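Asks: Contents of my_file15.csv (CSV, C-alpha atoms) are given next:
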```csv
chain,number,residue,atom,x,y,z
W,1,MET,CA,26.6,91.3,108.5
W,2,MET,CA,29.7,89.3,108.5
W,3,ASN,CA,33.2,89.1,107.1
W,4,ILE,CA,34.0,85.9,105.2
W,5,GLN,CA,37.6,84.9,104.2
W,6,PHE,CA,38.0,82.4,101.4
W,7,ILE,CA,41.0,80.5,100.0
W,8,VAL,CA,41.0,79.1,96.4
W,9,HIS,CA,43.4,76.2,95.8
W,10,ASP,CA,43.4,73.8,92.8
W,11,GLU,CA,40.0,75.3,91.7
W,12,GLU,CA,38.4,74.4,95.1
W,13,VAL,CA,37.1,77.1,97.4
W,14,ASP,CA,37.4,76.8,101.1
W,15,VAL,CA,36.1,79.1,103.8
W,16,ILE,CA,38.9,80.1,106.3
W,17,GLU,CA,36.7,81.9,108.8
W,18,VAL,CA,33.4,83.8,109.3
W,19,ASN,CA,33.4,86.8,111.7
W,20,PRO,CA,30.4,88.8,112.8
W,21,ARG,CA,31.0,92.5,112.2
W,22,ALA,CA,29.0,93.8,115.1
W,23,SER,CA,32.1,95.0,117.0
W,24,ARG,CA,33.2,97.5,114.3
W,25,THR,CA,31.0,97.8,111.3
W,26,VAL,CA,27.7,98.1,113.1
W,27,PRO,CA,28.8,100.9,115.4
W,28,PHE,CA,30.3,102.8,112.4
W,29,LEU,CA,27.0,102.4,110.4
W,30,SER,CA,25.0,103.4,113.4
W,31,LYS,CA,26.9,106.7,113.7
W,32,VAL,CA,26.6,107.2,109.9
W,33,THR,CA,22.8,106.7,109.8
W,34,GLY,CA,21.8,107.8,113.3
W,35,ILE,CA,20.1,104.4,113.8
W,36,PRO,CA,21.1,102.4,116.9
W,37,MET,CA,21.3,99.1,114.8
W,38,ALA,CA,22.2,96.8,117.6
W,39,GLN,CA,19.3,97.9,119.8
W,40,VAL,CA,16.9,97.9,116.9
W,41,ALA,CA,17.9,94.3,116.0
W,42,THR,CA,17.7,93.1,119.6
W,43,ARG,CA,14.1,94.5,120.0
W,44,ALA,CA,13.2,92.9,116.6
W,45,ILE,CA,14.4,89.6,117.9
W,46,LEU,CA,12.4,90.0,121.0
W,47,GLY,CA,9.2,90.7,119.0
W,48,THR,CA,9.0,94.4,118.4
W,49,SER,CA,8.8,95.0,114.6
W,50,ILE,CA,10.8,97.5,112.7
W,51,ARG,CA,7.6,99.6,112.0
W,52,ASP,CA,6.7,99.5,115.7
W,53,GLN,CA,10.1,101.0,116.5
W,54,GLY,CA,9.4,103.9,114.3
W,55,TYR,CA,11.3,102.8,111.2
W,56,GLN,CA,10.1,102.0,107.7
W,57,PRO,CA,11.4,99.0,105.6
W,58,GLY,CA,13.8,99.9,102.8
W,59,LEU,CA,16.9,102.0,102.4
W,60,GLN,CA,17.6,104.8,104.8
W,61,PRO,CA,17.7,108.2,102.9
W,62,ALA,CA,21.3,109.4,102.4
W,63,ALA,CA,22.2,112.2,104.8
W,64,GLY,CA,24.5,114.0,102.4
W,65,LEU,CA,27.6,113.7,104.5
W,66,VAL,CA,30.9,111.9,103.8
W,67,HIS,CA,32.2,109.5,106.5
W,68,VAL,CA,35.8,108.2,106.7
W,69,LYS,CA,36.9,105.4,108.9
W,70,ALA,CA,40.6,105.3,109.6
W,71,PRO,CA,42.9,103.0,111.6
W,72,VAL,CA,44.8,103.9,114.7
W,73,PHE,CA,48.3,102.5,115.3
W,74,SER,CA,50.3,102.3,118.5
W,75,PHE,CA,53.8,101.6,117.2
W,76,ASN,CA,55.4,103.9,119.8
W,77,LYS,CA,54.0,101.5,122.5
W,78,LEU,CA,54.9,98.3,120.7
W,79,ALA,CA,58.7,97.7,120.8
W,80,GLY,CA,60.2,95.9,117.9
W,81,VAL,CA,57.0,96.0,115.7
W,82,ASP,CA,57.8,97.4,112.2
W,83,SER,CA,55.5,100.3,111.3
W,84,LEU,CA,55.6,99.2,107.6
W,85,LEU,CA,52.0,98.1,106.7
W,86,GLY,CA,51.1,94.9,104.9
W,87,PRO,CA,48.4,92.2,105.1
W,88,GLU,CA,48.9,91.7,108.8
W,89,MET,CA,46.6,93.4,111.3
W,90,LYS,CA,48.6,96.1,113.0
W,91,SER,CA,46.0,98.7,113.9
W,92,THR,CA,44.9,98.9,117.5
W,93,GLY,CA,41.7,100.8,116.9
W,94,GLU,CA,39.6,102.9,114.6
W,95,VAL,CA,38.3,106.5,114.4
W,96,MET,CA,35.8,108.3,112.2
W,97,GLY,CA,35.6,111.7,110.5
W,98,SER,CA,32.4,113.1,109.1
W,99,ASP,CA,31.8,116.3,107.1
W,100,GLU,CA,30.3,117.7,104.0
W,101,THR,CA,33.3,117.0,101.8
W,102,MET,CA,35.8,114.1,101.5
W,103,ASP,CA,38.8,116.4,102.2
W,104,LYS,CA,37.3,117.7,105.5
W,105,ALA,CA,36.1,114.3,106.6
W,106,LEU,CA,39.6,112.8,105.9
W,107,TYR,CA,41.2,115.7,107.8
W,108,LYS,CA,39.1,115.0,110.8
W,109,ALA,CA,39.9,111.2,110.6
W,110,PHE,CA,43.6,111.9,110.4
W,111,ALA,CA,43.4,114.3,113.4
W,112,ALA,CA,41.5,111.8,115.5
W,113,ALA,CA,44.1,109.1,114.6
W,114,LYS,CA,46.8,111.5,115.9
W,115,LEU,CA,48.4,111.8,112.4
W,116,ASP,CA,49.2,115.5,112.7
W,117,ILE,CA,51.1,116.8,109.7
W,118,PRO,CA,52.4,120.3,110.3
W,119,ASP,CA,51.8,123.1,107.9
W,120,HIS,CA,55.6,123.7,107.3
W,121,GLY,CA,59.0,122.2,107.9
W,122,GLN,CA,61.2,119.6,106.4
W,123,VAL,CA,59.9,116.5,104.6
W,124,LEU,CA,62.3,113.6,104.3
W,125,PHE,CA,61.9,111.2,101.3
W,126,THR,CA,63.5,107.8,101.3
W,127,ILE,CA,61.8,106.0,98.4
W,128,ALA,CA,62.1,102.6,96.8
W,129,ASP,CA,63.2,102.7,93.1
W,130,SER,CA,59.8,101.4,91.8
W,131,GLN,CA,58.0,104.3,93.5
W,132,LYS,CA,60.3,107.2,92.8
W,133,SER,CA,58.3,108.6,89.9
W,134,GLU,CA,55.1,108.8,92.1
W,135,ALA,CA,57.2,110.3,95.0
W,136,LEU,CA,58.5,113.0,92.6
W,137,ASP,CA,55.0,114.3,92.1
W,138,LEU,CA,54.4,114.3,95.9
W,139,ALA,CA,57.7,116.2,96.5
W,140,ARG,CA,56.7,118.9,94.0
W,141,ARG,CA,53.3,119.3,95.7
W,142,PHE,CA,54.9,119.5,99.2
W,143,ARG,CA,57.3,122.2,97.9
W,144,ALA,CA,54.4,124.1,96.4
W,145,LEU,CA,52.8,124.2,99.9
W,146,GLY,CA,56.0,125.7,101.3
W,147,PHE,CA,57.8,122.7,102.8
W,148,SER,CA,61.5,122.2,102.5
W,149,LEU,CA,62.6,118.8,101.0
W,150,GLN,CA,65.4,116.4,102.0
W,151,ALA,CA,66.1,112.9,100.5
W,152,THR,CA,68.5,110.1,100.8
W,153,ALA,CA,71.2,110.0,98.1
W,154,GLY,CA,69.4,107.8,95.5
W,155,THR,CA,66.1,109.6,95.8
W,156,ALA,CA,67.7,113.0,95.8
W,157,ARG,CA,69.6,112.1,92.6
W,158,TYR,CA,66.4,110.9,90.9
W,159,PHE,CA,64.6,114.1,91.9
W,160,ALA,CA,67.5,116.3,90.6
W,161,ASP,CA,67.5,114.3,87.3
W,162,HIS,CA,63.9,115.3,86.9
W,163,GLY,CA,64.3,119.0,87.6
W,164,LEU,CA,63.7,119.1,91.4
W,165,THR,CA,66.7,119.8,93.6
W,166,VAL,CA,66.4,118.8,97.2
W,167,GLY,CA,68.9,118.5,100.1
W,168,ALA,CA,70.7,115.2,100.3
W,169,VAL,CA,71.1,113.5,103.7
W,170,ALA,CA,73.9,111.1,104.6
W,171,LYS,CA,73.0,107.4,104.9
W,172,ILE,CA,73.0,105.7,108.3
W,173,GLY,CA,76.5,105.6,109.9
W,174,ALA,CA,78.0,108.1,107.4
W,175,GLY,CA,79.0,110.8,110.0
W,176,GLU,CA,77.4,112.6,112.9
W,177,ASP,CA,74.8,114.3,110.7
W,178,ASP,CA,73.3,111.2,109.1
W,179,ILE,CA,69.7,110.6,108.5
W,180,LEU,CA,69.0,109.2,112.0
W,181,ALA,CA,70.7,112.1,113.7
W,182,ARG,CA,68.5,114.6,111.8
W,183,ILE,CA,65.3,112.7,112.9
W,184,ILE,CA,66.4,112.4,116.5
W,185,ARG,CA,67.3,116.2,116.6
W,186,GLY,CA,63.9,117.1,115.4
W,187,ASP,CA,65.1,118.6,112.1
W,188,VAL,CA,62.6,116.5,110.1
W,189,GLN,CA,58.8,117.1,110.5
W,190,VAL,CA,57.6,114.4,108.1
W,191,VAL,CA,59.2,111.1,107.0
W,192,ILE,CA,58.0,109.4,103.8
W,193,ASN,CA,59.6,106.0,103.7
W,194,THR,CA,58.9,103.1,101.2
W,195,VAL,CA,60.7,99.9,100.9
W,196,GLY,CA,62.0,97.9,97.8
W,197,THR,CA,63.5,94.5,97.5
W,198,ASN,CA,67.1,95.4,98.5
W,199,HIS,CA,67.6,93.8,101.9
W,200,ASP,CA,70.3,96.2,103.0
W,201,ALA,CA,68.1,99.2,102.1
W,202,ALA,CA,65.2,97.5,103.9
W,203,ALA,CA,67.2,97.1,107.1
W,204,ASP,CA,68.1,100.8,107.0
W,205,ALA,CA,64.5,101.7,106.2
W,206,PHE,CA,63.4,99.8,109.3
W,207,ARG,CA,65.8,101.9,111.5
W,208,ILE,CA,64.5,105.1,109.9
W,209,ARG,CA,60.9,104.1,110.6
W,210,GLU,CA,61.8,103.1,114.1
W,211,ALA,CA,63.5,106.5,114.8
W,212,ALA,CA,60.6,108.4,113.4
W,213,VAL,CA,58.1,106.5,115.6
W,214,LEU,CA,60.2,106.8,118.8
W,215,HIS,CA,60.7,110.5,118.3
W,216,GLY,CA,57.1,111.4,117.4
W,217,THR,CA,57.8,112.3,113.7
W,218,PRO,CA,54.8,111.7,111.4
W,219,LEU,CA,55.7,108.7,109.3
W,220,LEU,CA,54.1,107.7,106.0
W,221,THR,CA,54.9,104.4,104.5
W,222,ALA,CA,52.5,104.4,101.5
W,223,ILE,CA,52.4,106.7,98.6
W,224,ASP,CA,48.6,106.7,98.6
W,225,THR,CA,48.4,107.9,102.2
W,226,ALA,CA,50.8,110.8,101.4
W,227,ASP,CA,48.7,111.7,98.4
W,228,ALA,CA,45.5,111.7,100.5
W,229,ILE,CA,47.2,114.0,103.1
W,230,LEU,CA,48.4,116.3,100.4
W,231,HIS,CA,44.8,116.6,99.1
W,232,VAL,CA,43.7,117.6,102.6
W,233,LYS,CA,46.5,120.2,102.9
W,234,GLU,CA,45.9,121.6,99.4
W,235,SER,CA,42.2,122.0,100.0
W,236,GLN,CA,42.4,123.1,103.7
W,237,THR,CA,40.3,126.2,104.1
W,238,PHE,CA,39.4,125.7,107.8
W,239,THR,CA,41.3,125.4,111.0
W,240,THR,CA,41.4,122.7,113.7
W,241,ARG,CA,39.7,125.2,116.0
W,242,ALA,CA,36.7,125.3,113.6
W,243,LEU,CA,36.2,121.6,114.0
```
Show how you would write the structure in this file as structure tokens.

Replies:
Amino acid sequence: MMNIQFIVHDEEVDVIEVNPRASRTVPFLSKVTGIPMAQVATRAILGTSIRDQGYQPGLQPAAGLVHVKAPVFSFNKLAGVDSLLGPEMKSTGEVMGSDETMDKALYKAFAAAKLDIPDHGQVLFTIADSQKSEALDLARRFRALGFSLQATAGTARYFADHGLTVGAVAKIGAGEDDILARIIRGDVQVVINTVGTNHDAAADAFRIREAAVLHGTPLLTAIDTADAILHVKESQTFTTRAL
């Protein structure tokens, strides 16, 4: 098992790199299947067949569980690193959640990754124009769960125009009760922050993300992640203690 990265240029294909996946994928699959794959492979190389090790050729029967692998980030320990995710590798580890349903497995993975979204409080939205319609649905779902909603001026205006009134927060530098002050005071329990192409807004967005990370406020920079967490919250019928 290996990871191959290709590049295609002028209709020619080149291989950038080939990496063996034993460090991450094999341990993950070993936990999923209950088969110590590295040990089995080593014994096979040394002459002990798969059958002699007690296994049969072919596919391992499915165990009926759902397994989720999730990245772990350490932005609070890495000064100056933007928490906005892109193609660069920024994770510092991985965790795994396993259970009978996707929602429960995902919940466990989030908990293991220290992404602890509270069951109530203030959710702050600061959203790029291109994603405001998707964020509107998320905001309605957060409110249905009992959260209070805040948003920067443009996002709050968009929400209001579509029938959802939320509290508007002052932009950075606009008084003592601006968006950074609210995060620093702990008035905000979750920050959902996406970035568009406006460079001034992007600079402010970086400062918002930085403040959230430094003060331990759960920060979501992708709509898909927020949607996944909402699915967990909406289907949550068990407690952390039950895990």

Asks: Tell me, as a ChimeraX atom specification, which residues lie within 7 Å of region 215-219 of chain W, counting all atoms listed in the file; anything in the same chain fewer than 5 positions away does not count.

Replies: /W:115-117,184,189-192

Asks: List the neighbours of Leu230 (chain W) out to 8 Å using only C-alpha atoms; skip same-chain residues closer than 5 positions along the sequence, and give me the result as a list in words.

Replies: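 Answer for this query is Leu138, Arg141 and Phe142 of chain W.
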
Asks: Could you check which of W:Gln56, W:Asn19, W:Thr101, W:Thr165 is closest to Val68 (chain W), using all atoms listed in the file?

Replies: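 Nearest to Val68 (chain W): W:Thr101.
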
Asks: List the residues sitting within 8 Å of (62.2, 101.8, 94.7) in the file's frame, using only C-alpha atoms, as a list in words.

Replies: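 These residues have at least one counted atom within 8 Å: Ile127, Ala128, Asp129, Ser130, Gln131, Lys132, Thr194, Val195, Gly196 and Thr197 of chain W.
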
Asks: What's around Met102 (chain W) at 10 Å? Count all atoms listed in the file, leave out sequence neighbours fewer than 2 positions away in its own chain, and write the answer as number ranges by chain.

Replies: W: 65-68, 97-100, 104-108, 231-232

Asks: Provide the CA of Pro27 (chain W) to CA of Ala112 (chain W) distance in Å, to one decimal place.

Replies: 16.7 Å

Asks: Quick one: of W:Glu134, W:Gln53, W:Gly146, W:Glu12, who's nearest to Gln39 (chain W), counting all atoms listed in the file?

Replies: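 Under the stated criterion, the closest residue is W:Gln53.
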
Asks: So that I can check the surroundings of region 147-151 of chain W, please list as a PyMOL selection string every protein, DNA and RNA residue that reaches within 12 Å of it, counting all atoms listed in the file and ignoring chain neighbours fewer than 6 positions away.

Replies: chain W and resi 117-128+132+135-136+138-141+157-160+164-171+178-179+182-183+187-193+230+233

Asks: Measure the distance from CA of Ile208 (chain W) to CA of Asp227 (chain W) in Å and round it to one decimal.

Replies: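 That distance, rounded to one decimal, is 20.6 Å.
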
Asks: Find, counting all atoms listed in the file, the residue in W:Ala144, W:Ala205, W:Leu29, W:Ala226 that gets nearest to Ile172 (chain W).

Replies: W:Ala205

Asks: Using all atoms listed in the file, which of the listed residues (W:Val18, W:Thr48, W:Ala113, W:Ala156) sits closest to Met96 (chain W)?

Replies: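 Selected residue with least distance to Met96 (chain W): W:Ala113.
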
Asks: What does the distance from CA of Glu17 (chain W) to CA of Ile45 (chain W) come to in Å, to one decimal?

Replies: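 Result for CA of Glu17 (chain W) versus CA of Ile45 (chain W): 25.3 Å, one decimal.
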
Asks: Rebuild region 157-175 of chain W so that it carries N, CA and C atoms, then output the result as a JSON list (two decimals), in the frame of the given file.

Replies:
```
[["chain", "number", "residue", "atom", "x", "y", "z"],
["W", 157, "ARG", "N", 69.05, 112.12, 93.95],
["W", 157, "ARG", "CA", 69.60, 112.10, 92.60],
["W", 157, "ARG", "C", 68.49, 111.95, 91.55],
["W", 158, "TYR", "N", 67.53, 111.10, 91.82],
["W", 158, "TYR", "CA", 66.40, 110.90, 90.90],
["W", 158, "TYR", "C", 65.61, 112.21, 90.78],
["W", 159, "PHE", "N", 65.34, 112.85, 91.91],
["W", 159, "PHE", "CA", 64.60, 114.10, 91.90],
["W", 159, "PHE", "C", 65.36, 115.16, 91.05],
["W", 160, "ALA", "N", 66.67, 115.26, 91.29],
["W", 160, "ALA", "CA", 67.50, 116.30, 90.60],
["W", 160, "ALA", "C", 67.48, 115.99, 89.06],
["W", 161, "ASP", "N", 67.55, 114.70, 88.68],
["W", 161, "ASP", "CA", 67.50, 114.30, 87.30],
["W", 161, "ASP", "C", 66.22, 114.72, 86.59],
["W", 162, "HIS", "N", 65.19, 114.94, 87.40],
["W", 162, "HIS", "CA", 63.90, 115.30, 86.90],
["W", 162, "HIS", "C", 63.48, 116.72, 87.23],
["W", 163, "GLY", "N", 64.50, 117.55, 87.51],
["W", 163, "GLY", "CA", 64.30, 119.00, 87.60],
["W", 163, "GLY", "C", 63.89, 119.47, 89.02],
["W", 164, "LEU", "N", 64.03, 118.63, 90.05],
["W", 164, "LEU", "CA", 63.70, 119.10, 91.40],
["W", 164, "LEU", "C", 64.89, 118.85, 92.32],
["W", 165, "THR", "N", 65.53, 119.93, 92.69],
["W", 165, "THR", "CA", 66.70, 119.80, 93.60],
["W", 165, "THR", "C", 66.28, 119.86, 95.01],
["W", 166, "VAL", "N", 66.75, 118.88, 95.76],
["W", 166, "VAL", "CA", 66.40, 118.80, 97.20],
["W", 166, "VAL", "C", 67.74, 118.55, 97.95],
["W", 167, "GLY", "N", 67.70, 118.76, 99.25],
["W", 167, "GLY", "CA", 68.90, 118.50, 100.10],
["W", 167, "GLY", "C", 69.09, 117.02, 100.26],
["W", 168, "ALA", "N", 70.32, 116.59, 100.08],
["W", 168, "ALA", "CA", 70.70, 115.20, 100.30],
["W", 168, "ALA", "C", 71.15, 114.94, 101.69],
["W", 169, "VAL", "N", 70.70, 113.85, 102.30],
["W", 169, "VAL", "CA", 71.10, 113.50, 103.70],
["W", 169, "VAL", "C", 72.01, 112.28, 103.61],
["W", 170, "ALA", "N", 72.94, 112.21, 104.56],
["W", 170, "ALA", "CA", 73.90, 111.10, 104.60],
["W", 170, "ALA", "C", 73.18, 109.83, 105.07],
["W", 171, "LYS", "N", 73.60, 108.70, 104.51],
["W", 171, "LYS", "CA", 73.00, 107.40, 104.90],
["W", 171, "LYS", "C", 73.42, 107.09, 106.35],
["W", 172, "ILE", "N", 72.76, 106.12, 106.92],
["W", 172, "ILE", "CA", 73.00, 105.70, 108.30],
["W", 172, "ILE", "C", 74.47, 105.35, 108.52],
["W", 173, "GLY", "N", 75.08, 105.96, 109.52],
["W", 173, "GLY", "CA", 76.50, 105.60, 109.90],
["W", 173, "GLY", "C", 77.49, 106.47, 109.13],
["W", 174, "ALA", "N", 77.06, 107.35, 108.23],
["W", 174, "ALA", "CA", 78.00, 108.10, 107.40],
["W", 174, "ALA", "C", 78.19, 109.51, 108.10],
["W", 175, "GLY", "N", 78.74, 109.54, 109.30],
["W", 175, "GLY", "CA", 79.00, 110.80, 110.00],
["W", 175, "GLY", "C", 77.99, 111.14, 111.04]]
```
